[in-house]
Amino acid sequence: MTVRIAMWSGPRNISTALMRSWENRPDCSVVDEPFYAAYLADTGLEHPCREEILLAQSRDYGKVIEQLTAGPVATELQYQKQMTHHIPRGLDMGWCAGFRHCFLIREPAQVIASYVQKMPNVNEDAIGIRRQAELFEQIADLSGEVPLVIDSNDVLKNPERVLAELCQRLGIHFYRDAMLNWPTGRRDSDGIWASHWYHNVEQSTGFGPYSRRDPELNAGQRELADRMRPYYLQLAKQRILP
């Protein structure tokens, strides 16, 4: 039986670097943002590579769910990089009841500052922080267990300790060297949107250094960060500490 791990993140949250870490394990395959096309088709939003994404993935949420739950998978582990803002409110989440879940969080001001470097307009729905808190509660109720939480800043401060503890709580082996170091370049598993979003990760060989800088935000961005901060703190209380 393949163990399916869903990592629930928002954009600009070291989620792709973490996907690299898991894909570099000898026992794991990865799925990169499987609901992206369905999300674009549902919302009508204009994103970079929109037409390519719509052609590359199914636009039907039900069909994507079938793909994510059908077996067998050739590897012992399947790691799903999931974006919380891709999941519409009202979607029945019973399909992932048997998965193991973790939420990857990041301080809202840092998310927003990074997001606007790639996309000029930002709002609550685009960064998925409130949606992350909603899905956390929904999945906790569904599974009867409190999902795991890791903070991107904690990972950057001490990736070895955070990932080792995460693997222990997931009940799987921690491949230290594989999960902390990986070769540069693009992967066949990367989404078609990699050309716009993944440049820095493609040059990386591991997690970057932690740097605490106060992001420069305009008044509207700061208001959004302040409004999203309670949802971030709600999850941060549950996080694995290094």
# chains A, B, ... in the order shown; residues from 1 in each chain; ligands from 1
call {"tool": "closest_atom_pairs", "arguments": {"of": "range 40-153 of chain A", "to": "range 215-232 of chain A", "cutoff": "8 Å", "atoms": "only C-alpha atoms", "output": "CSV"}}
result
residue,atom,partner,partner_atom,distance
A:Ile105,CA,A:Tyr232,CA,7.0
A:Arg106,CA,A:Tyr232,CA,7.3
A:Glu107,CA,A:Tyr232,CA,6.7
A:Pro108,CA,A:Ala225,CA,5.1
A:Ala109,CA,A:Ala225,CA,5.1
A:Gln110,CA,A:Pro215,CA,6.1
A:Ile112,CA,A:Gln221,CA,7.1
A:Ala113,CA,A:Pro215,CA,6.0
A:Val122,CA,A:Gln221,CA,7.8
A:Asn123,CA,A:Leu224,CA,7.2
A:Glu124,CA,A:Leu224,CA,7.0
A:Ile129,CA,A:Met228,CA,6.5
A:Arg130,CA,A:Tyr231,CA,5.7
A:Ala133,CA,A:Tyr231,CA,5.8
call {"tool": "select_by_dssp", "arguments": {"residues": "range 5-34 of chain A", "states": "alpha helix (DSSP H)", "output": "list in words"}}
result
Ser15, Thr16, Ala17, Leu18, Met19, Arg20, Ser21, Trp22 and Glu23 of chain A
call {"tool": "write_last_selection", "arguments": {"atoms": "C-alpha atoms", "output": "CSV table (one decimal), in the first residue's frame"}}
result
chain,number,residue,atom,x,y,z
A,15,SER,CA,6.7,24.4,-1.2
A,16,THR,CA,8.6,23.6,-4.3
A,17,ALA,CA,11.9,23.2,-2.5
A,18,LEU,CA,10.2,20.9,-0.1
A,19,MET,CA,8.8,18.9,-3.0
A,20,ARG,CA,12.4,18.6,-4.3
A,21,SER,CA,13.4,17.2,-0.8
A,22,TRP,CA,10.7,14.5,-0.9
A,23,GLU,CA,11.2,13.6,-4.6
call {"tool": "residues_around", "arguments": {"residues": "Gln78 in chain A", "least_positions_apart": "2", "cutoff": "12 Å", "atoms": "only C-alpha atoms", "output": "short mmCIF file (atom, residue, chain, number, x, y, z; two decimals) with N, CA and C atoms, in the first residue's frame"}}
result
data_model
loop_
_atom_site.label_atom_id
_atom_site.label_comp_id
_atom_site.auth_asym_id
_atom_site.auth_seq_id
_atom_site.Cartn_x
_atom_site.Cartn_y
_atom_site.Cartn_z
N MET A 1 0.84 -1.19 0.00
CA MET A 1 0.00 0.00 0.00
C MET A 1 0.88 1.25 0.00
N THR A 2 0.62 2.13 -0.92
CA THR A 2 1.35 3.40 -0.97
C THR A 2 0.81 4.35 0.08
N VAL A 3 1.71 4.97 0.83
CA VAL A 3 1.35 6.01 1.79
C VAL A 3 1.29 7.33 1.04
N ARG A 4 0.14 7.97 1.06
CA ARG A 4 -0.05 9.24 0.36
C ARG A 4 0.03 10.38 1.37
N ILE A 5 0.94 11.30 1.12
CA ILE A 5 1.16 12.43 2.01
C ILE A 5 0.72 13.69 1.28
N ALA A 6 -0.24 14.41 1.85
CA ALA A 6 -0.70 15.67 1.28
C ALA A 6 -0.08 16.82 2.06
N MET A 7 0.71 17.64 1.39
CA MET A 7 1.31 18.82 2.02
C MET A 7 0.52 20.04 1.55
N MET A 19 9.11 19.98 -2.05
CA MET A 19 8.80 18.92 -3.01
C MET A 19 10.08 18.28 -3.54
N TRP A 22 11.44 15.80 -0.96
CA TRP A 22 10.74 14.52 -0.90
C TRP A 22 10.97 13.70 -2.17
N GLU A 23 11.03 14.35 -3.32
CA GLU A 23 11.23 13.60 -4.55
C GLU A 23 12.62 12.98 -4.61
N ARG A 25 14.06 11.41 -2.28
CA ARG A 25 14.05 10.15 -1.54
C ARG A 25 13.97 8.97 -2.52
N PRO A 26 14.58 7.86 -2.21
CA PRO A 26 14.51 6.71 -3.13
C PRO A 26 13.17 6.01 -3.14
N ASP A 27 12.31 6.32 -2.16
CA ASP A 27 11.04 5.60 -2.03
C ASP A 27 9.82 6.46 -2.32
N CYS A 28 10.02 7.64 -2.95
CA CYS A 28 8.92 8.60 -3.04
C CYS A 28 8.78 9.18 -4.44
N SER A 29 7.53 9.30 -4.90
CA SER A 29 7.20 10.06 -6.10
C SER A 29 6.36 11.26 -5.67
N VAL A 30 6.30 12.27 -6.55
CA VAL A 30 5.61 13.50 -6.18
C VAL A 30 4.57 13.88 -7.22
N VAL A 31 3.58 14.64 -6.76
CA VAL A 31 2.53 15.20 -7.62
C VAL A 31 2.52 16.71 -7.38
N ASP A 32 2.65 17.47 -8.45
CA ASP A 32 2.82 18.91 -8.34
C ASP A 32 1.50 19.64 -8.65
N LEU A 68 -5.74 11.02 -8.09
CA LEU A 68 -4.97 11.08 -6.84
C LEU A 68 -5.24 9.90 -5.92
N THR A 69 -6.34 9.22 -6.12
CA THR A 69 -6.71 8.13 -5.22
C THR A 69 -6.63 6.76 -5.87
N ALA A 70 -6.48 6.73 -7.20
CA ALA A 70 -6.39 5.44 -7.89
C ALA A 70 -5.03 4.81 -7.63
N GLY A 71 -5.00 3.51 -7.58
CA GLY A 71 -3.73 2.81 -7.39
C GLY A 71 -3.51 1.85 -8.53
N PRO A 72 -2.40 1.11 -8.49
CA PRO A 72 -1.34 1.31 -7.50
C PRO A 72 -0.35 2.38 -7.95
N VAL A 73 0.48 2.83 -7.00
CA VAL A 73 1.58 3.74 -7.28
C VAL A 73 2.87 2.96 -7.14
N ALA A 74 3.83 3.23 -8.00
CA ALA A 74 5.05 2.41 -8.06
C ALA A 74 5.97 2.61 -6.87
N THR A 75 5.76 3.67 -6.10
CA THR A 75 6.64 3.96 -4.96
C THR A 75 5.91 3.76 -3.64
N GLU A 76 6.69 3.54 -2.58
CA GLU A 76 6.09 3.34 -1.26
C GLU A 76 5.38 4.59 -0.76
N GLN A 80 2.11 14.70 -2.30
CA GLN A 80 1.28 15.60 -3.09
C GLN A 80 1.48 17.04 -2.62
N LYS A 81 2.00 17.87 -3.48
CA LYS A 81 2.12 19.30 -3.20
C LYS A 81 0.79 19.95 -3.55
N PHE A 99 -5.36 9.83 3.72
CA PHE A 99 -4.03 10.38 3.51
C PHE A 99 -3.41 10.77 4.86
N ARG A 100 -2.12 11.02 4.83
CA ARG A 100 -1.45 11.67 5.96
C ARG A 100 -1.24 13.13 5.57
N HIS A 101 -1.58 14.02 6.49
CA HIS A 101 -1.66 15.42 6.14
C HIS A 101 -0.66 16.27 6.93
#
call {"tool": "select_by_dssp", "arguments": {"residues": "range 43-234 of chain A", "states": "strand (DSSP E)", "output": "list of chain:residue names"}}
result
A:Leu77, A:Gln78, A:Tyr79, A:Gln80, A:Lys81, A:Gln82, A:Met83, A:Arg100, A:His101, A:Cys102, A:Phe103, A:Leu104, A:Ile105, A:Leu148, A:Val149, A:Ile150, A:Asp151
call {"tool": "closest_residue", "arguments": {"among": "A:Leu104, A:Ile127, A:Ile192, A:Ile240", "to": "Ala164 in chain A", "atoms": "only C-alpha atoms"}}
result
A:Ile240
call {"tool": "atom_distance", "arguments": {"atom1": "CA of Ile53 in chain A", "atom2": "CA of Asn24 in chain A"}}
result
24.7 Å
call {"tool": "closest_residue", "arguments": {"among": "A:Glu202, A:Leu241, A:Glu134, A:Phe103", "to": "Arg161 in chain A", "atoms": "only C-alpha atoms"}}
result
A:Leu241
call {"tool": "residues_around", "arguments": {"residues": "Phe174 in chain A", "least_positions_apart": "4", "cutoff": "10 Å", "atoms": "only C-alpha atoms", "output": "ChimeraX atom specification"}}
result
/A:25,160,163-168,170,178-179
call {"tool": "closest_residue", "arguments": {"among": "A:Ile14, A:Asp190, A:Leu235, A:Gln67", "to": "Phe207 in chain A", "atoms": "only C-alpha atoms"}}
result
A:Ile14
call {"tool": "residues_around", "arguments": {"residues": "Trp193 in chain A", "least_positions_apart": "5", "cutoff": "12 Å", "atoms": "only C-alpha atoms", "output": "PyMOL selection string"}}
result
chain A and resi 16+32-34+36-37+47-57+186+198-199
call {"tool": "decode", "arguments": {"residues": "range 72-97 of chain A", "atoms": "C-alpha atoms", "output": "PDB file, in the first residue's frame"}}
result
ATOM      1  CA  PRO A  72      -1.341   1.305  -7.501  1.00  0.00           C
ATOM      2  CA  VAL A  73       1.579   3.742  -7.279  1.00  0.00           C
ATOM      3  CA  ALA A  74       5.047   2.408  -8.063  1.00  0.00           C
ATOM      4  CA  THR A  75       6.639   3.962  -4.964  1.00  0.00           C
ATOM      5  CA  GLU A  76       6.094   3.343  -1.258  1.00  0.00           C
ATOM      6  CA  LEU A  77       5.325   7.032  -0.717  1.00  0.00           C
ATOM      7  CA  GLN A  78       3.465   9.557  -2.825  1.00  0.00           C
ATOM      8  CA  TYR A  79       3.961  13.197  -1.886  1.00  0.00           C
ATOM      9  CA  GLN A  80       1.278  15.600  -3.088  1.00  0.00           C
ATOM     10  CA  LYS A  81       2.124  19.297  -3.195  1.00  0.00           C
ATOM     11  CA  GLN A  82      -1.328  20.800  -2.708  1.00  0.00           C
ATOM     12  CA  MET A  83      -2.246  24.495  -2.875  1.00  0.00           C
ATOM     13  CA  THR A  84      -5.031  25.394  -0.466  1.00  0.00           C
ATOM     14  CA  HIS A  85      -6.412  28.173  -2.675  1.00  0.00           C
ATOM     15  CA  HIS A  86      -6.975  25.601  -5.433  1.00  0.00           C
ATOM     16  CA  ILE A  87      -9.616  23.822  -3.314  1.00  0.00           C
ATOM     17  CA  PRO A  88     -13.065  25.445  -3.616  1.00  0.00           C
ATOM     18  CA  ARG A  89     -15.212  25.837  -0.536  1.00  0.00           C
ATOM     19  CA  GLY A  90     -17.879  23.169  -0.436  1.00  0.00           C
ATOM     20  CA  LEU A  91     -15.771  20.442  -2.052  1.00  0.00           C
ATOM     21  CA  ASP A  92     -16.265  17.126  -0.257  1.00  0.00           C
ATOM     22  CA  MET A  93     -12.855  16.272   1.218  1.00  0.00           C
ATOM     23  CA  GLY A  94     -13.690  12.649   1.971  1.00  0.00           C
ATOM     24  CA  TRP A  95     -11.404  11.585  -0.885  1.00  0.00           C
ATOM     25  CA  CYS A  96      -8.316  12.343   1.207  1.00  0.00           C
ATOM     26  CA  ALA A  97      -9.528  10.896   4.522  1.00  0.00           C
TER      27      ALA A  97
END
